[in-house]
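As stored in final-v7.txt (compact mmCIF, C-alpha atoms and all ligand atoms):
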# COMPACT_ATOMS: atom_id res chain seq x y z
CA MET A 144 -29.05 -76.37 -20.32
CA LEU A 145 -31.66 -76.36 -23.08
CA SER A 146 -30.88 -77.65 -26.53
CA SER A 147 -31.57 -75.20 -29.32
CA ASP A 148 -34.53 -77.34 -30.46
CA GLU A 149 -36.06 -77.15 -26.97
CA ALA A 150 -35.47 -73.40 -26.81
CA LYS A 151 -37.12 -73.01 -30.22
CA TRP A 152 -40.09 -75.13 -29.12
CA ILE A 153 -40.56 -73.03 -25.97
CA MET A 154 -40.38 -69.79 -27.96
CA ALA A 155 -42.84 -71.15 -30.51
CA GLN A 156 -45.28 -72.03 -27.67
CA ALA A 157 -44.81 -68.65 -25.98
CA TYR A 158 -45.77 -66.80 -29.16
CA ALA A 159 -48.62 -69.11 -30.22
CA GLY A 160 -51.80 -67.08 -30.69
CA GLU A 161 -49.90 -63.76 -30.80
CA THR A 162 -49.58 -61.65 -33.93
CA ILE A 163 -46.40 -60.17 -35.39
CA PRO A 164 -46.30 -56.47 -34.41
CA VAL A 165 -43.44 -55.35 -36.68
CA THR A 166 -42.53 -55.58 -40.36
CA THR A 167 -41.37 -59.15 -40.97
CA LEU A 168 -41.01 -60.43 -44.51
CA CYS A 169 -41.74 -63.87 -45.96
CA GLY A 170 -38.45 -65.64 -46.67
CA ARG A 171 -39.57 -66.63 -50.14
CA CYS A 172 -41.69 -63.82 -51.64
CA PHE A 173 -41.01 -60.97 -49.14
CA TYR A 174 -44.70 -60.50 -48.37
CA ASN A 175 -45.10 -58.44 -45.18
CA LEU A 176 -46.31 -60.80 -42.44
CA ARG A 177 -47.02 -58.02 -39.92
CA GLY A 178 -50.37 -58.59 -38.18
CA LEU A 179 -50.36 -62.33 -38.90
CA SER A 180 -49.71 -65.10 -36.37
CA TYR A 181 -46.10 -65.89 -35.45
CA ASP A 182 -46.43 -69.42 -36.76
CA GLY A 183 -48.18 -69.87 -40.07
CA VAL A 184 -48.20 -69.98 -43.83
CA CYS A 185 -47.54 -66.97 -46.08
CA PRO A 186 -50.92 -65.94 -47.55
CA GLU A 187 -49.19 -64.91 -50.76
CA CYS A 188 -46.99 -67.90 -51.64
CA GLY A 189 -47.82 -70.67 -49.12
CA TRP A 190 -44.31 -70.66 -47.56
CA ARG A 191 -44.23 -72.06 -44.01
CA TYR A 192 -42.74 -69.66 -41.45
CA ASN A 193 -42.26 -69.21 -37.72
CA ALA A 194 -41.31 -65.68 -36.71
CA ALA A 195 -41.04 -66.32 -32.95
CA PRO A 196 -37.79 -64.84 -31.56
CA LEU A 197 -34.96 -67.43 -31.52
CA VAL A 198 -36.92 -69.54 -34.01
CA MET A 199 -37.09 -67.21 -37.04
CA GLU A 200 -37.57 -69.85 -39.68
CA GLY A 201 -38.91 -69.10 -43.15
CA VAL A 202 -38.71 -65.35 -42.66
CA PHE A 203 -36.36 -62.94 -44.42
CA ILE A 204 -33.29 -61.91 -42.42
CA ALA A 205 -31.22 -59.08 -43.91
CA ARG A 206 -27.64 -60.36 -43.71
CA GLN A 207 -26.16 -58.11 -46.36
CA THR A 208 -27.53 -54.56 -46.63
CA SER A 209 -24.67 -53.14 -48.74
CA PRO A 210 -22.77 -54.52 -51.76
CA PRO A 211 -19.96 -56.95 -50.72
CA ILE A 212 -17.21 -54.70 -52.13
CA GLY A 213 -14.58 -55.65 -49.54
CA GLN A 214 -14.93 -59.38 -50.25
CA GLY A 215 -14.71 -58.72 -54.00
CA LEU A 216 -11.54 -56.64 -53.60
CA MET A 217 -9.95 -59.29 -51.35
CA ALA A 218 -10.74 -61.98 -53.95
CA LEU A 219 -9.10 -59.85 -56.67
CA CYS A 220 -6.02 -59.05 -54.55
CA CYS A 221 -5.48 -62.67 -53.52
CA SER A 222 -5.87 -63.78 -57.15
CA ALA A 223 -3.34 -61.17 -58.31
CA VAL A 224 -0.80 -62.19 -55.63
CA ALA A 225 -1.36 -65.88 -56.44
CA GLY A 226 -0.70 -65.10 -60.12
CA LEU A 227 2.56 -63.28 -59.31
CA LEU A 228 3.70 -66.13 -57.05
CA LEU A 229 2.91 -68.70 -59.76
CA ALA A 230 4.93 -66.65 -62.28
CA TYR A 231 7.80 -66.52 -59.77
CA THR A 232 7.48 -70.30 -59.19
CA VAL A 233 7.69 -71.04 -62.92
CA THR A 234 10.60 -68.62 -63.43
CA TRP A 235 12.74 -69.63 -60.41
CA LEU A 236 11.36 -73.11 -59.68
CA SER A 237 10.86 -72.09 -56.06
CA ILE A 238 9.00 -74.55 -53.81
CA TRP A 239 8.35 -71.72 -51.31
CA ALA A 240 6.74 -69.53 -53.94
CA LEU A 241 4.61 -72.50 -55.01
CA THR A 242 3.52 -73.13 -51.40
CA LEU A 243 2.58 -69.48 -50.94
CA ALA A 244 0.81 -69.47 -54.30
CA ILE A 245 -1.33 -72.43 -53.21
CA VAL A 246 -2.19 -70.63 -49.95
CA MET A 247 -3.17 -67.51 -51.92
CA VAL A 248 -5.31 -69.53 -54.35
CA ILE A 249 -7.18 -71.03 -51.37
CA ALA A 250 -7.61 -67.56 -49.85
CA ALA A 251 -8.83 -66.16 -53.19
CA GLU A 252 -11.36 -68.99 -53.47
CA ARG A 253 -12.67 -68.30 -49.95
CA TRP A 254 -13.04 -64.58 -50.61
CA ALA A 255 -14.70 -65.26 -53.97
CA THR A 256 -17.22 -67.56 -52.25
CA ALA A 257 -17.89 -64.89 -49.60
CA PHE A 258 -18.33 -62.32 -52.39
CA ILE A 259 -20.82 -64.48 -54.31
CA THR A 260 -22.79 -65.31 -51.14
CA GLY A 261 -22.79 -61.63 -50.18
CA LEU A 262 -23.95 -60.62 -53.64
CA ARG A 263 -26.82 -63.13 -53.50
CA GLU A 264 -27.88 -61.91 -50.05
CA TYR A 265 -27.57 -58.27 -51.08
CA ARG A 266 -29.81 -58.98 -54.11
CA SER A 267 -32.40 -60.56 -51.77
CA TYR A 268 -32.21 -57.48 -49.58
CA LEU A 269 -32.81 -55.18 -52.60
CA ARG A 270 -35.77 -57.32 -53.73
CA ALA A 271 -37.21 -57.27 -50.19
CA MET A 272 -36.89 -53.48 -49.98
CA LYS A 273 -38.47 -53.07 -53.43
CA ARG A 274 -41.35 -55.33 -52.44
CA LEU A 275 -41.83 -53.41 -49.20
CA ALA A 276 -41.89 -50.10 -51.07
CA SER A 277 -44.35 -51.37 -53.70
CA ASP A 278 -46.69 -52.65 -50.98
CA ASP A 279 -46.62 -49.08 -49.67
CA LEU A 280 -45.80 -50.11 -46.13
CA SER A 281 -43.04 -48.31 -44.32
CA PRO A 282 -40.60 -50.39 -42.27
CA ASP A 283 -40.92 -49.81 -38.56
ZN ZN B 301 -44.48 -65.65 -49.25

Render the structure in this file as structure tokens.
Amino acid sequence: MLSSDEAKWIMAQAYAGETIPVTTLCGRCFYNLRGLSYDGVCPECGWRYNAAPLVMEGVFIARQTSPPIGQGLMALCCSAVAGLLLAYTVTWLSIWALTLAIVMVIAAERWATAFITGLREYRSYLRAMKRLASDDLSPD
């Protein structure tokens, strides 16, 4: 069994000297690296990248191509439920309501983090698409 570092090394060797045939964007400035070598430096911003399959370091990967609405709604719902449970806890001095409230606060925090991460990745995606359009190159 190969370690992931060994697999990456083998892929990097296999693609040495080849050029990237498809639209692949620089992970920092979204410059289109198509036609350049798999392992190199972005000619626009100097960012080091390796676009060999399984390696894919320093290149843009679209993780979020739509706004993270679901995560945002879950964060809001969990916060609302946590608020209600806290009100119940204070009113009835219920240890069970307090326990559930803590669980809901943790859940709300997780969803809020997912929402913020999703928003950041979605913004990168929009910037990448804008850059691609302004360079007048169609994705393939
Ligand atoms: Zn770049």

Surrounding residues of range 186-199 of chain A excluding itself and chain neighbours under 6 positions, 9 Å, all atoms listed in the file, as a PyMOL selection string: chain A and resi 147-148+150-152+154-159+163+167+169-172+174+176+180

Counting all atoms listed in the file, which residues come within 7 Å of (-16.9, -60.9, -54.5), with the point read in the file's coordinates, and could you list them as a ChimeraX atom specification? /A:211-212,214-216,218,254-255,257-259

Take the selection from the previous step and output its residues with C-alpha atoms, as a tab-separated table (two decimals), keeping the file's coordinate frame.
chain	number	residue	atom	x	y	z
A	211	PRO	CA	-19.96	-56.95	-50.72
A	212	ILE	CA	-17.21	-54.70	-52.13
A	214	GLN	CA	-14.93	-59.38	-50.25
A	215	GLY	CA	-14.71	-58.72	-54.00
A	216	LEU	CA	-11.54	-56.64	-53.60
A	218	ALA	CA	-10.74	-61.98	-53.95
A	254	TRP	CA	-13.04	-64.58	-50.61
A	255	ALA	CA	-14.70	-65.26	-53.97
A	257	ALA	CA	-17.89	-64.89	-49.60
A	258	PHE	CA	-18.33	-62.32	-52.39
A	259	ILE	CA	-20.82	-64.48	-54.31

### Message
So that I can see what lies close to Thr166 in chain A, please list as an MDAnalysis selection string the residues with an atom at most 12 Å from it, counting all atoms listed in the file and leaving out residues fewer than 5 positions away in the same chain.
### Response
chainID A and resid 173:179 181 194 202:204 271:272 275 278 280:283

Taken to one decimal, the CA of Thr260 in chain A-CA of Leu168 in chain A distance is 20.0 Å

- Task: Kindly indicate which residue among A:Val165, A:Arg266, A:Gly261, A:Ser237 lies nearest to Gly213 in chain A, using all atoms listed in the file for the distances.
- Result: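 Smallest distance to Gly213 in chain A is found for A:Gly261.
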
Between A:Pro210, A:Gly183, A:Ser146, A:Val248, smallest distance to Leu227 in chain A by all atoms listed in the file belongs to A:Val248

Using all atoms listed in the file for the distances, tell me which of A:Gly201, A:Ile245, A:Gly226, A:Pro164 is nearest to ligand ZN 301 (chain B).
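Ranking A:Gly201, A:Ile245, A:Gly226, A:Pro164 by distance to ligand ZN 301 (chain B), first place goes to A:Gly201.
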
Item to check | For CA of Glu149 in chain A and CA of Cys185 in chain A, the interatomic separation in Å (one decimal) | outcome: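 Between these atoms lies a distance of 24.5 Å.
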